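Asks: Structure file upload25.txt (compact mmCIF, C-alpha atoms and all ligand atoms) right here:
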```txt
# COMPACT_ATOMS: atom_id res chain seq x y z
CA MET A 1 -25.27 63.51 64.52
CA ILE A 2 -21.68 62.30 64.50
CA GLU A 3 -20.55 65.43 66.35
CA ASP A 4 -22.89 64.62 69.29
CA ILE A 5 -21.71 61.02 69.34
CA LEU A 6 -18.09 62.17 69.49
CA LYS A 7 -18.83 64.35 72.51
CA ARG A 8 -19.91 61.22 74.40
CA TYR A 9 -16.75 59.26 73.52
CA ALA A 10 -14.27 58.71 76.38
CA GLU A 11 -11.40 56.83 74.70
CA PRO A 12 -11.72 55.96 71.00
CA THR A 13 -11.18 52.43 69.72
CA VAL A 14 -9.54 52.40 66.30
CA THR A 15 -11.69 50.07 64.22
CA THR A 16 -11.40 48.67 60.73
CA VAL A 17 -12.14 45.65 58.58
CA CYS A 18 -9.35 43.03 58.69
CA SER A 19 -8.06 43.41 55.16
CA HIS A 20 -6.17 45.76 52.80
CA SER A 21 -4.03 47.95 55.14
CA SER A 22 -5.50 46.87 58.47
CA LEU A 23 -2.24 45.47 59.88
CA GLN A 24 -0.54 48.87 59.80
CA ILE A 25 -3.72 50.63 60.97
CA PHE A 26 -3.81 48.43 64.11
CA ASP A 27 -0.04 48.60 64.59
CA GLY A 28 -0.04 52.40 64.24
CA ALA A 29 -3.03 52.81 66.57
CA ARG A 30 -1.42 50.64 69.24
CA LYS A 31 1.81 52.65 69.01
CA GLU A 32 -0.25 55.77 69.74
CA GLY A 33 -1.94 54.12 72.71
CA PHE A 34 -5.36 53.32 71.24
CA LYS A 35 -7.43 50.20 71.73
CA THR A 36 -8.12 48.38 68.46
CA LEU A 37 -11.05 46.42 67.06
CA GLY A 38 -10.94 44.29 63.91
CA ILE A 39 -14.08 43.37 61.97
CA ALA A 40 -13.86 39.97 60.29
CA LEU A 41 -16.16 37.36 58.79
CA LYS A 42 -16.93 33.95 60.37
CA LYS A 43 -13.80 33.73 62.60
CA PRO A 44 -10.67 35.73 63.41
CA PRO A 45 -8.23 35.48 60.48
CA LYS A 46 -5.54 33.00 61.56
CA PHE A 47 -2.68 34.88 59.95
CA TYR A 48 -3.06 37.65 62.52
CA ASP A 49 -1.62 35.24 65.10
CA ALA A 50 1.59 35.41 63.09
CA PHE A 51 1.78 39.19 63.53
CA PRO A 52 1.15 39.84 67.24
CA ARG A 53 1.92 43.56 67.10
CA ALA A 54 -0.61 44.13 64.36
CA LYS A 55 -3.37 41.92 65.80
CA PRO A 56 -6.33 43.94 67.07
CA ASP A 57 -7.15 43.77 70.79
CA GLU A 58 -10.57 42.41 69.94
CA PHE A 59 -12.44 41.05 66.96
CA MET A 60 -16.02 41.68 65.97
CA ILE A 61 -17.08 38.58 64.06
CA LEU A 62 -19.88 38.86 61.51
CA ASP A 63 -21.44 36.60 58.88
CA ASP A 64 -21.58 39.37 56.31
CA TYR A 65 -20.15 42.86 56.08
CA LEU A 66 -23.67 44.16 55.54
CA GLU A 67 -24.20 43.45 59.26
CA ILE A 68 -21.89 46.33 60.19
CA GLU A 69 -24.84 48.71 60.12
CA ALA A 70 -26.78 46.51 62.53
CA GLN A 71 -23.78 46.50 64.89
CA LYS A 72 -23.91 50.28 65.13
CA ASP A 73 -24.86 50.36 68.83
CA GLU A 74 -22.12 47.94 69.79
CA LEU A 75 -19.59 50.01 67.83
CA LEU A 76 -20.74 53.17 69.59
CA ARG A 77 -20.57 51.40 72.94
CA GLN A 78 -16.90 50.69 72.24
CA ASP A 79 -16.26 54.34 71.22
CA ALA A 80 -15.33 53.08 67.76
CA ILE A 81 -13.75 55.35 65.19
CA VAL A 82 -13.83 53.59 61.86
CA ILE A 83 -10.85 53.87 59.53
CA PRO A 84 -12.08 53.31 55.99
CA HIS A 85 -9.83 51.61 53.45
CA GLY A 86 -10.54 50.47 49.90
CA SER A 87 -11.81 47.02 50.86
CA PHE A 88 -13.95 48.40 53.70
CA VAL A 89 -15.82 50.72 51.33
CA GLU A 90 -16.06 48.04 48.65
CA TYR A 91 -17.36 45.32 51.01
CA MET A 92 -19.96 47.59 52.58
CA GLY A 93 -20.92 49.42 49.41
CA ALA A 94 -20.26 53.15 49.05
CA ASP A 95 -23.88 54.15 49.72
CA ARG A 96 -24.20 52.11 52.90
CA PHE A 97 -20.82 53.32 54.08
CA ARG A 98 -21.87 56.94 53.56
CA GLU A 99 -24.93 56.40 55.73
CA LEU A 100 -23.18 54.49 58.55
CA GLN A 101 -23.91 56.37 61.76
CA VAL A 102 -20.57 55.58 63.37
CA PRO A 103 -17.74 58.15 63.55
CA THR A 104 -15.44 57.66 60.59
CA PHE A 105 -11.99 59.10 59.99
CA GLY A 106 -11.91 61.52 57.02
CA ASN A 107 -14.58 63.36 55.09
CA ARG A 108 -17.31 61.05 53.81
CA ARG A 109 -18.40 63.61 51.26
CA VAL A 110 -15.31 62.77 49.23
CA LEU A 111 -16.97 59.51 48.18
CA GLU A 112 -19.44 61.19 45.87
CA TRP A 113 -16.58 63.12 44.20
CA GLU A 114 -14.34 60.12 43.87
CA SER A 115 -16.77 57.43 42.76
CA ASP A 116 -18.45 59.43 39.99
CA ARG A 117 -16.01 59.69 37.07
CA ASN A 118 -17.39 63.04 35.88
CA LYS A 119 -17.17 64.58 39.33
CA GLU A 120 -13.67 63.19 39.82
CA ARG A 121 -12.65 64.88 36.55
CA THR A 122 -14.27 68.16 37.63
CA TRP A 123 -12.32 68.02 40.90
CA LEU A 124 -8.94 67.12 39.40
CA GLU A 125 -9.20 69.43 36.38
CA GLY A 126 -10.43 72.21 38.66
CA ALA A 127 -7.20 71.59 40.61
CA GLY A 128 -5.26 72.27 37.40
CA LEU A 129 -3.96 68.70 36.99
CA VAL A 130 -3.32 67.08 33.62
CA LEU A 131 -5.57 64.05 33.05
CA PRO A 132 -5.45 61.51 30.21
CA ALA A 133 -7.60 62.63 27.29
CA GLU A 134 -11.00 60.90 27.07
CA LEU A 135 -12.05 60.07 23.53
CA ASP A 136 -15.26 59.10 21.78
CA LEU A 137 -15.12 55.99 19.63
CA ASP A 138 -14.89 58.01 16.40
CA GLU A 139 -12.09 60.18 17.78
CA VAL A 140 -9.66 57.35 18.54
CA ASP A 141 -6.40 58.27 16.81
CA ARG A 142 -3.82 56.82 19.23
CA ALA A 143 -3.27 53.98 21.69
CA VAL A 144 -6.04 53.91 24.28
CA ILE A 145 -7.04 51.98 27.37
CA VAL A 146 -10.70 50.99 27.58
CA LYS A 147 -12.04 50.98 31.13
CA TYR A 148 -15.36 49.54 32.22
CA HIS A 149 -17.09 51.56 34.90
CA GLY A 150 -16.95 49.96 38.31
CA ALA A 151 -14.49 47.28 37.14
CA LYS A 152 -12.37 46.21 40.07
CA GLY A 153 -8.62 46.00 39.75
CA GLY A 154 -8.54 46.60 36.02
CA ALA A 155 -8.99 42.89 35.20
CA SER A 156 -11.19 43.60 32.21
CA PHE A 157 -9.48 46.75 30.97
CA PHE A 158 -7.88 46.42 27.55
CA ILE A 159 -5.50 48.31 25.34
CA ALA A 160 -6.47 49.11 21.75
CA ARG A 161 -4.78 51.01 18.95
CA ASN A 162 -7.73 51.99 16.82
CA ARG A 163 -11.49 52.05 16.56
CA GLU A 164 -11.70 48.64 14.87
CA GLU A 165 -9.88 46.95 17.74
CA ILE A 166 -12.23 48.53 20.25
CA GLU A 167 -15.34 47.53 18.31
CA ALA A 168 -14.11 43.97 17.98
CA ARG A 169 -13.61 43.62 21.74
CA VAL A 170 -15.75 45.97 23.72
CA ASP A 171 -18.76 44.73 25.66
CA LYS A 172 -21.30 47.38 24.76
CA THR A 173 -23.75 46.18 27.39
CA GLN A 174 -21.46 47.76 29.99
CA GLU A 175 -20.61 51.42 30.46
CA PHE A 176 -17.04 52.17 29.48
CA THR A 177 -14.58 55.04 29.00
CA ILE A 178 -11.95 55.28 26.29
CA GLN A 179 -8.86 56.94 27.67
CA GLU A 180 -5.61 57.91 25.98
CA PHE A 181 -2.91 55.36 26.96
CA VAL A 182 -0.23 57.48 28.61
CA LEU A 183 3.25 56.07 28.21
CA GLY A 184 5.70 56.79 31.00
CA THR A 185 6.55 55.63 34.50
CA ARG A 186 3.91 55.22 37.19
CA TYR A 187 4.11 56.79 40.63
CA TYR A 188 1.40 56.37 43.26
CA ILE A 189 2.02 59.24 45.64
CA HIS A 190 0.79 58.89 49.24
CA TYR A 191 -0.23 62.24 50.68
CA PHE A 192 -1.67 63.16 54.06
CA TYR A 193 -3.67 66.34 54.57
CA SER A 194 -4.18 67.61 58.11
CA PRO A 195 -6.58 70.52 58.59
CA ILE A 196 -5.31 70.97 62.16
CA LYS A 197 -1.51 70.67 61.98
CA GLU A 198 0.21 74.02 61.59
CA ASP A 199 3.91 73.33 61.21
CA GLY A 200 5.03 71.96 57.87
CA TYR A 201 4.09 72.52 54.21
CA ALA A 202 1.32 75.04 54.82
CA LEU A 203 -1.89 75.28 52.81
CA SER A 204 -4.67 77.88 53.15
CA LYS A 205 -5.68 75.79 56.16
CA GLY A 206 -3.54 73.06 57.74
CA THR A 207 -0.58 71.23 56.21
CA LEU A 208 0.27 68.65 53.57
CA GLU A 209 2.69 65.73 53.92
CA VAL A 210 4.08 63.16 51.50
CA LEU A 211 4.52 59.88 53.37
CA GLY A 212 5.68 57.61 50.56
CA ILE A 213 5.53 56.56 46.93
CA ASP A 214 4.90 53.15 45.44
CA ARG A 215 4.13 51.51 42.16
CA ARG A 216 1.53 48.82 41.84
CA VAL A 217 2.69 45.57 40.38
CA GLU A 218 0.11 44.39 37.88
CA SER A 219 -0.35 40.98 36.36
CA ASN A 220 0.31 40.29 33.58
CA ILE A 221 1.14 43.71 32.01
CA ASP A 222 4.30 44.14 34.08
CA GLU A 223 5.87 40.92 32.85
CA ILE A 224 4.23 40.42 29.47
CA TYR A 225 7.33 41.66 27.62
CA ARG A 226 9.06 38.41 28.69
CA LEU A 227 7.01 36.47 26.19
CA GLY A 228 7.16 38.81 23.18
CA SER A 229 5.76 42.11 21.96
CA ILE A 230 2.18 43.04 22.78
CA ASN A 231 1.37 43.02 19.04
CA GLU A 232 2.76 39.53 18.50
CA LEU A 233 0.97 38.22 21.56
CA ALA A 234 -2.35 39.79 20.55
CA ARG A 235 -2.21 37.73 17.34
CA VAL A 236 -2.13 34.52 19.37
CA GLY A 237 -4.84 35.71 21.72
CA ILE A 238 -2.72 36.77 24.72
CA ASP A 239 -3.73 40.18 26.07
CA PRO A 240 -2.35 42.36 28.83
CA SER A 241 -4.33 42.60 32.07
CA PHE A 242 -3.99 45.00 34.98
CA VAL A 243 -4.72 42.96 38.11
CA VAL A 244 -2.90 44.42 41.11
CA THR A 245 -0.89 41.71 42.89
CA GLY A 246 1.52 43.77 45.00
CA ASN A 247 3.50 46.99 45.34
CA LEU A 248 7.07 48.22 44.92
CA PRO A 249 8.67 51.13 46.79
CA LEU A 250 9.85 54.13 44.80
CA VAL A 251 11.53 57.47 45.20
CA LEU A 252 11.32 60.29 42.70
CA ARG A 253 14.08 62.52 41.37
CA GLU A 254 14.36 65.18 44.05
CA SER A 255 13.85 67.91 41.42
CA LEU A 256 10.32 66.58 40.86
CA LEU A 257 9.26 67.03 44.48
CA PRO A 258 8.12 70.66 44.05
CA LYS A 259 5.65 69.44 41.39
CA VAL A 260 4.50 66.63 43.66
CA PHE A 261 3.68 69.09 46.44
CA GLU A 262 2.02 71.55 44.04
CA MET A 263 -0.25 68.80 42.72
CA GLY A 264 -1.21 67.69 46.22
CA GLU A 265 -1.76 71.27 47.32
CA GLN A 266 -4.04 72.04 44.39
CA VAL A 267 -6.04 68.85 44.95
CA VAL A 268 -6.59 69.74 48.61
CA GLU A 269 -7.42 73.39 47.94
CA GLU A 270 -9.97 72.42 45.29
CA SER A 271 -11.45 69.80 47.63
CA LEU A 272 -11.84 72.45 50.34
CA ARG A 273 -13.75 74.62 47.87
CA LEU A 274 -15.91 71.77 46.57
CA PHE A 275 -16.78 69.66 49.59
CA GLY A 276 -14.95 70.66 52.75
CA GLY A 277 -11.66 68.91 52.02
CA VAL A 278 -10.06 65.52 51.45
CA ILE A 279 -9.03 64.89 55.06
CA GLY A 280 -6.25 62.45 56.00
CA PRO A 281 -4.56 60.11 53.54
CA PHE A 282 -5.11 60.25 49.79
CA CYS A 283 -3.18 59.05 46.78
CA LEU A 284 -2.63 60.48 43.31
CA GLU A 285 -2.05 57.79 40.72
CA THR A 286 0.25 59.35 38.17
CA ILE A 287 2.27 58.63 35.07
CA CYS A 288 5.43 60.70 34.62
CA THR A 289 6.10 61.22 30.90
CA PRO A 290 9.55 61.62 29.29
CA ASP A 291 8.91 65.42 29.37
CA LEU A 292 8.74 65.07 33.17
CA GLU A 293 5.08 66.00 33.23
CA PHE A 294 2.71 64.16 35.55
CA VAL A 295 -0.52 62.86 34.10
CA VAL A 296 -2.97 61.88 36.86
CA PHE A 297 -5.33 59.04 36.03
CA GLU A 298 -6.97 58.48 39.42
CA VAL A 299 -7.33 59.78 42.96
CA SER A 300 -7.92 57.45 45.92
CA ALA A 301 -9.29 59.42 48.82
CA ARG A 302 -8.23 57.17 51.69
CA ILE A 303 -5.32 54.95 52.79
CA VAL A 304 -4.02 52.93 49.81
CA ALA A 305 -2.49 49.46 50.08
CA GLY A 306 0.82 50.74 48.68
CA THR A 307 1.45 52.33 52.08
CA ASN A 308 1.88 48.77 53.46
CA LEU A 309 5.47 49.02 52.23
CA PHE A 310 6.31 51.66 54.79
CA ILE A 311 5.36 50.29 58.22
CA SER A 312 8.56 51.54 59.82
CA GLY A 313 8.84 54.68 57.74
CA SER A 314 9.77 55.65 54.21
CA PRO A 315 12.41 57.79 52.49
CA TYR A 316 9.95 60.69 52.90
CA ALA A 317 8.20 59.96 56.21
CA ASP A 318 11.60 59.57 57.90
CA PHE A 319 12.16 63.31 57.42
CA ILE A 320 8.98 63.98 59.41
CA GLU A 321 9.39 61.45 62.19
CA PRO A 322 11.10 58.05 62.43
CA GLY A 323 8.81 55.01 62.20
CA LEU A 324 5.84 56.89 60.75
CA SER A 325 3.52 54.66 58.72
CA THR A 326 0.32 56.05 57.25
CA GLY A 327 -1.60 53.93 59.79
CA ARG A 328 0.32 55.55 62.60
CA ARG A 329 -0.12 59.00 61.05
CA ILE A 330 -3.89 58.49 61.14
CA ALA A 331 -3.71 57.53 64.83
CA LYS A 332 -1.60 60.62 65.56
CA GLU A 333 -4.16 62.83 63.83
CA ILE A 334 -6.97 61.37 65.94
CA ARG A 335 -4.89 61.85 69.09
CA ALA A 336 -3.97 65.46 68.19
CA ALA A 337 -7.54 66.35 67.20
CA SER A 338 -8.87 64.80 70.40
CA GLU A 339 -6.43 66.78 72.56
CA LEU A 340 -7.33 70.01 70.73
CA GLU A 341 -11.06 69.13 71.02
CA ARG A 342 -11.24 69.35 67.23
CA LEU A 343 -12.23 65.74 66.47
CA ALA A 344 -15.20 66.90 64.41
CA GLU A 345 -12.78 68.43 61.88
CA VAL A 346 -11.19 65.09 61.00
CA ILE A 347 -14.05 62.70 61.70
CA THR A 348 -17.45 62.65 60.02
P1 LIG A 401 -7.10 52.13 37.37
O1 LIG A 401 -8.11 51.07 37.71
O2 LIG A 401 -7.69 53.36 36.74
O3 LIG A 401 -6.21 52.42 38.55
O4 LIG A 401 -6.16 51.50 36.25
C1 LIG A 401 -5.52 50.23 36.40
C2 LIG A 401 -4.15 50.26 35.75
O5 LIG A 401 -4.27 50.55 34.37
C3 LIG A 401 -3.23 51.35 36.30
O6 LIG A 401 -2.58 51.00 37.48
C4 LIG A 401 -2.27 51.53 35.14
O7 LIG A 401 -1.29 50.52 35.09
C5 LIG A 401 -3.17 51.35 33.94
N1 LIG A 401 -3.70 52.63 33.44
C6 LIG A 401 -4.85 53.23 33.82
N2 LIG A 401 -5.08 54.36 33.12
C7 LIG A 401 -4.05 54.47 32.25
C8 LIG A 401 -3.71 55.40 31.22
N3 LIG A 401 -4.51 56.44 30.94
N4 LIG A 401 -2.57 55.20 30.53
C9 LIG A 401 -1.77 54.13 30.80
N5 LIG A 401 -2.05 53.21 31.73
C10 LIG A 401 -3.16 53.36 32.46
```
Step by step, read the file and then write its structure as structure tokens.

Replies:
Amino acid sequence: MIEDILKRYAEPTVTTVCSHSSLQIFDGARKEGFKTLGIALKKPPKFYDAFPRAKPDEFMILDDYLEIEAQKDELLRQDAIVIPHGSFVEYMGADRFRELQVPTFGNRRVLEWESDRNKERTWLEGAGLVLPAELDLDEVDRAVIVKYHGAKGGASFFIARNREEIEARVDKTQEFTIQEFVLGTRYYIHYFYSPIKEDGYALSKGTLEVLGIDRRVESNIDEIYRLGSINELARVGIDPSFVVTGNLPLVLRESLLPKVFEMGEQVVEESLRLFGGVIGPFCLETICTPDLEFVVFEVSARIVAGTNLFISGSPYADFIEPGLSTGRRIAKEIRAASELERLAEVIT
């Protein structure tokens, strides 16, 4: 039991895989006085030498991420608390990650609600959010985006305007979803839910923060207009793709902030009802339409890479505390929970 393991811990070591958002996780942990451990393959990544403040105190070097399970005893010996990020879960595999008997920040149960598209829809619709319509092939009457299940980074997603275009392109050997293409501006909102903090934007239990907003930069869709219209380009065989290559910082019109907090609040409240809560950082991936409505096309239930923009704070986090990155916010939550002897509420 993770709870029993936690009782034996003296001083936690903040541990994660060296990728994704690990630099700010280590930097934030060090600022809060934690030891840090980075898991890497073959040898320590050289580029960490270039960033001394974000380099973990120690590395655990493996040949394969699948060995993490086998290193369980060593991780426990070091009082490791694992901080999951997107690459961590992807490299280990969601099922293996769920079973890992090492204390992990956040609620592992969220994985089953996030990785199953139907359950994700149940959660977000139950929270009262607006999601893009999902259409059957014979219902397609508008521009759509076709998404293959489990496709990483949207590389193979495609846009179509009618049923014929889908039939001409789709790989029917794979499972796919046809989703209304929502036209508007994208905002990836970085929330943090604390079940133990009491001052702030209060929920039925704990508080909700917004630590930043970014927009993913995607190749080639974000620059394809430079070559011509999507229709023209399709005729010569050039199609848009959605491969994430980086992130841009954003702020929203201040008048939209009440909606942003309402959405986050509803997502947390519904998660508390369904599975005990989405604890710590999560991100709603939204499109704001010209009617100023948010359509939410995805939830990421852990630290997202867009938070890497805000190592020394953001236009939102600065109103909470100067220099507050999401990595540092996680470390603060572990510290606060440890002092209150409530670690089991934020670690599973
Ligand atoms: P996803 O893998 O679901 O995050 O989608 C990858 C990218 O596809 C997003 O970052 C958006 O640029 C785009 N996208 C996804 N769903 C929609 C949608 N329903 N309407 C418009 N664009 C979308």

Asks: Pick out the residues sitting within 12 Å of A:Ala10, and hand them over as a ChimeraX atom specification; count all atoms listed in the file, and ignore anything fewer than 2 positions along from it in its own chain.

Replies: /A:5-8,12-13,34-35,76-81,338-339

Asks: How would you report the residues lying within 8 Å of ligand LIG 401 (chain A), as a ChimeraX atom specification, if you count only C-alpha atoms and all ligand atoms?

Replies: /A:131-133,144-145,147,151-154,157,179-184,186,216,218,221,242-244,285,287,297-298

Asks: Go ahead and write the residues just picked, C-alpha atoms, as a PDB file, in the coordinates of the input.

Replies:
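Dumped everything to again27.pdb:
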```
ATOM      1  CA  LEU A 131      -5.570  64.050  33.050  1.00  0.00           C
ATOM      2  CA  PRO A 132      -5.450  61.510  30.210  1.00  0.00           C
ATOM      3  CA  ALA A 133      -7.600  62.630  27.290  1.00  0.00           C
ATOM      4  CA  VAL A 144      -6.040  53.910  24.280  1.00  0.00           C
ATOM      5  CA  ILE A 145      -7.040  51.980  27.370  1.00  0.00           C
ATOM      6  CA  LYS A 147     -12.040  50.980  31.130  1.00  0.00           C
ATOM      7  CA  ALA A 151     -14.490  47.280  37.140  1.00  0.00           C
ATOM      8  CA  LYS A 152     -12.370  46.210  40.070  1.00  0.00           C
ATOM      9  CA  GLY A 153      -8.620  46.000  39.750  1.00  0.00           C
ATOM     10  CA  GLY A 154      -8.540  46.600  36.020  1.00  0.00           C
ATOM     11  CA  PHE A 157      -9.480  46.750  30.970  1.00  0.00           C
ATOM     12  CA  GLN A 179      -8.860  56.940  27.670  1.00  0.00           C
ATOM     13  CA  GLU A 180      -5.610  57.910  25.980  1.00  0.00           C
ATOM     14  CA  PHE A 181      -2.910  55.360  26.960  1.00  0.00           C
ATOM     15  CA  VAL A 182      -0.230  57.480  28.610  1.00  0.00           C
ATOM     16  CA  LEU A 183       3.250  56.070  28.210  1.00  0.00           C
ATOM     17  CA  GLY A 184       5.700  56.790  31.000  1.00  0.00           C
ATOM     18  CA  ARG A 186       3.910  55.220  37.190  1.00  0.00           C
ATOM     19  CA  ARG A 216       1.530  48.820  41.840  1.00  0.00           C
ATOM     20  CA  GLU A 218       0.110  44.390  37.880  1.00  0.00           C
ATOM     21  CA  ILE A 221       1.140  43.710  32.010  1.00  0.00           C
ATOM     22  CA  PHE A 242      -3.990  45.000  34.980  1.00  0.00           C
ATOM     23  CA  VAL A 243      -4.720  42.960  38.110  1.00  0.00           C
ATOM     24  CA  VAL A 244      -2.900  44.420  41.110  1.00  0.00           C
ATOM     25  CA  GLU A 285      -2.050  57.790  40.720  1.00  0.00           C
ATOM     26  CA  ILE A 287       2.270  58.630  35.070  1.00  0.00           C
ATOM     27  CA  PHE A 297      -5.330  59.040  36.030  1.00  0.00           C
ATOM     28  CA  GLU A 298      -6.970  58.480  39.420  1.00  0.00           C
TER      29      GLU A 298
END
```

Asks: Extract, using all atoms listed in the file, all DNA, RNA and protein residues at most 12 Å from A:Ile178, discarding same-chain residues fewer than 2 positions from it, and format them as a PyMOL selection string.

Replies: chain A and resi 132-149+157-163+166-167+170+175-176+180-181

Asks: Using all atoms listed in the file, can you tell me which of A:Lys259, A:Asp49, A:Asp291, A:Phe282 comes closest to A:Leu111?

Replies: A:Phe282

Asks: May I have the residues at most 12 Å from (-13.9, 70.1, 46.1) in the file's coordinates, counting all atoms listed in the file, as an NGL selection string?

Replies: :A and (107 or 109-114 or 119-127 or 266-279 or 301)

Asks: Around (-19.5, 37.7, 63.2), as given in the file, which residues come within 9 Å? Count only C-alpha atoms and list them as a list in words.

Replies: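 Result, sorted by chain then residue number: Ile39, Ala40, Leu41, Lys42, Lys43, Phe59, Met60, Ile61, Leu62, Asp63, Asp64, Tyr65 and Glu67 of chain A.
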
Asks: Give the answer as one residue: which of A:Met263, A:Asn247, A:Val102, A:Asn118 has the shortest atom-to-atom distance to A:Thr177, using all atoms listed in the file?

Replies: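 Looking at the shortest contact to A:Thr177, the residue is A:Asn118.
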
Asks: Report as AutoDock Vina command-line options the centre and the edge lengths, in Å to one decimal, of the axis-aligned box holding every listed atom of stretch 80-96 of chain A, padded by 5 Å on each side.

Replies:
```
--center_x -17.0 --center_y 50.3 --center_z 58.2 --size_x 24.4 --size_y 20.0 --size_z 29.1
```

Asks: Ranking A:His20, A:Arg235, A:Arg302, A:Arg169 by minimum distance to A:Thr104 and counting only C-alpha atoms, which one comes first?

Replies: A:Arg302

Asks: Counting only C-alpha atoms, what is within 8 Å of A:Ser21, bar same-chain residues fewer than 5 positions away, as a list in words?

Replies: His85, Ile303, Val304, Ala305, Thr307, Asn308 and Gly327 of chain A

Asks: Just give me the gap between atom CA of A:Asp199 and atom CA of A:Ile320 in Å, one decimal is fine.

Replies: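 Value for the atom CA of A:Asp199-atom CA of A:Ile320 distance: 10.8 Å.
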
Asks: Write out as a ChimeraX atom specification each polymer residue whose atoms come within 8 Å of stretch 204-213 of chain A, counting only C-alpha atoms; drop sequence neighbours fewer than 3 positions from it.

Replies: /A:187-201,249-251,261,264-265,269,306-307,310,314-317,325-326

Asks: Let me make sure I understand: among A:Thr173, A:Asp57, A:Ala70, A:Glu165, which one has the smallest atom-to-atom distance to A:Asn231 if we use all atoms listed in the file?

Replies: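 Checking each of A:Thr173, A:Asp57, A:Ala70, A:Glu165 against A:Asn231, counting all atoms listed in the file, the winner is A:Glu165.
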
Asks: What gap, in Å, lies between atom CA of A:Ser87 and atom CA of A:Thr16?

Replies: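 For atom CA of A:Ser87 relative to atom CA of A:Thr16, the distance reads 10.0 Å.
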
Asks: Compare A:Ala331, A:Leu227, A:Leu203, A:Leu75 by their minimum atom-to-atom distance to A:Ile25, counting only C-alpha atoms, and give me the closest one.

Replies: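 Result for the nearest residue to A:Ile25: A:Ala331.
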
Asks: One decimal, Å: what's the distance from atom CA of A:Glu69 over to atom CA of A:Ser300, could you say?

Replies: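 The value is 23.8 Å.
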
Asks: Pull N, CA and C atoms for stretch 286-301 of chain A from the block and write them as an mmCIF file, in the first residue's frame.

Replies:
```cif
data_model
loop_
_atom_site.group_PDB
_atom_site.id
_atom_site.type_symbol
_atom_site.label_atom_id
_atom_site.label_comp_id
_atom_site.auth_asym_id
_atom_site.auth_seq_id
_atom_site.Cartn_x
_atom_site.Cartn_y
_atom_site.Cartn_z
ATOM 1 N N THR A 286 -8.610 24.061 -25.202
ATOM 2 C CA THR A 286 -9.871 24.694 -25.608
ATOM 3 C C THR A 286 -9.723 25.470 -26.909
ATOM 4 N N ILE A 287 -10.873 25.695 -27.525
ATOM 5 C CA ILE A 287 -10.943 26.603 -28.676
ATOM 6 C C ILE A 287 -12.008 27.642 -28.327
ATOM 7 N N CYS A 288 -11.628 28.916 -28.383
ATOM 8 C CA CYS A 288 -12.575 29.982 -28.067
ATOM 9 C C CYS A 288 -13.160 30.465 -29.390
ATOM 10 N N THR A 289 -14.459 30.349 -29.541
ATOM 11 C CA THR A 289 -15.125 30.689 -30.808
ATOM 12 C C THR A 289 -15.377 32.204 -30.878
ATOM 13 N N PRO A 290 -15.778 32.709 -32.036
ATOM 14 C CA PRO A 290 -16.079 34.148 -32.136
ATOM 15 C C PRO A 290 -17.249 34.571 -31.235
ATOM 16 N N ASP A 291 -18.064 33.625 -30.765
ATOM 17 C CA ASP A 291 -19.130 33.969 -29.794
ATOM 18 C C ASP A 291 -18.593 33.970 -28.363
ATOM 19 N N LEU A 292 -17.287 33.818 -28.228
ATOM 20 C CA LEU A 292 -16.622 33.784 -26.917
ATOM 21 C C LEU A 292 -17.082 32.606 -26.058
ATOM 22 N N GLU A 293 -17.376 31.501 -26.749
ATOM 23 C CA GLU A 293 -17.670 30.252 -26.047
ATOM 24 C C GLU A 293 -16.428 29.369 -26.120
ATOM 25 N N PHE A 294 -16.179 28.630 -25.051
ATOM 26 C CA PHE A 294 -15.049 27.694 -25.077
ATOM 27 C C PHE A 294 -15.544 26.306 -25.446
ATOM 28 N N VAL A 295 -14.911 25.722 -26.459
ATOM 29 C CA VAL A 295 -15.166 24.323 -26.772
ATOM 30 C C VAL A 295 -13.917 23.559 -26.317
ATOM 31 N N VAL A 296 -14.113 22.511 -25.531
ATOM 32 C CA VAL A 296 -12.969 21.793 -24.935
ATOM 33 C C VAL A 296 -12.762 20.483 -25.691
ATOM 34 N N PHE A 297 -11.595 20.336 -26.315
ATOM 35 C CA PHE A 297 -11.407 19.109 -27.098
ATOM 36 C C PHE A 297 -10.537 18.077 -26.402
ATOM 37 N N GLU A 298 -9.955 18.416 -25.254
ATOM 38 C CA GLU A 298 -9.105 17.427 -24.565
ATOM 39 C C GLU A 298 -8.821 17.893 -23.139
ATOM 40 N N VAL A 299 -8.617 16.928 -22.238
ATOM 41 C CA VAL A 299 -8.084 17.252 -20.918
ATOM 42 C C VAL A 299 -6.787 16.460 -20.746
ATOM 43 N N SER A 300 -5.759 17.114 -20.221
ATOM 44 C CA SER A 300 -4.524 16.403 -19.856
ATOM 45 C C SER A 300 -4.428 16.469 -18.349
ATOM 46 N N ALA A 301 -4.383 15.319 -17.716
ATOM 47 C CA ALA A 301 -4.523 15.296 -16.260
ATOM 48 C C ALA A 301 -3.183 15.248 -15.545
#
```
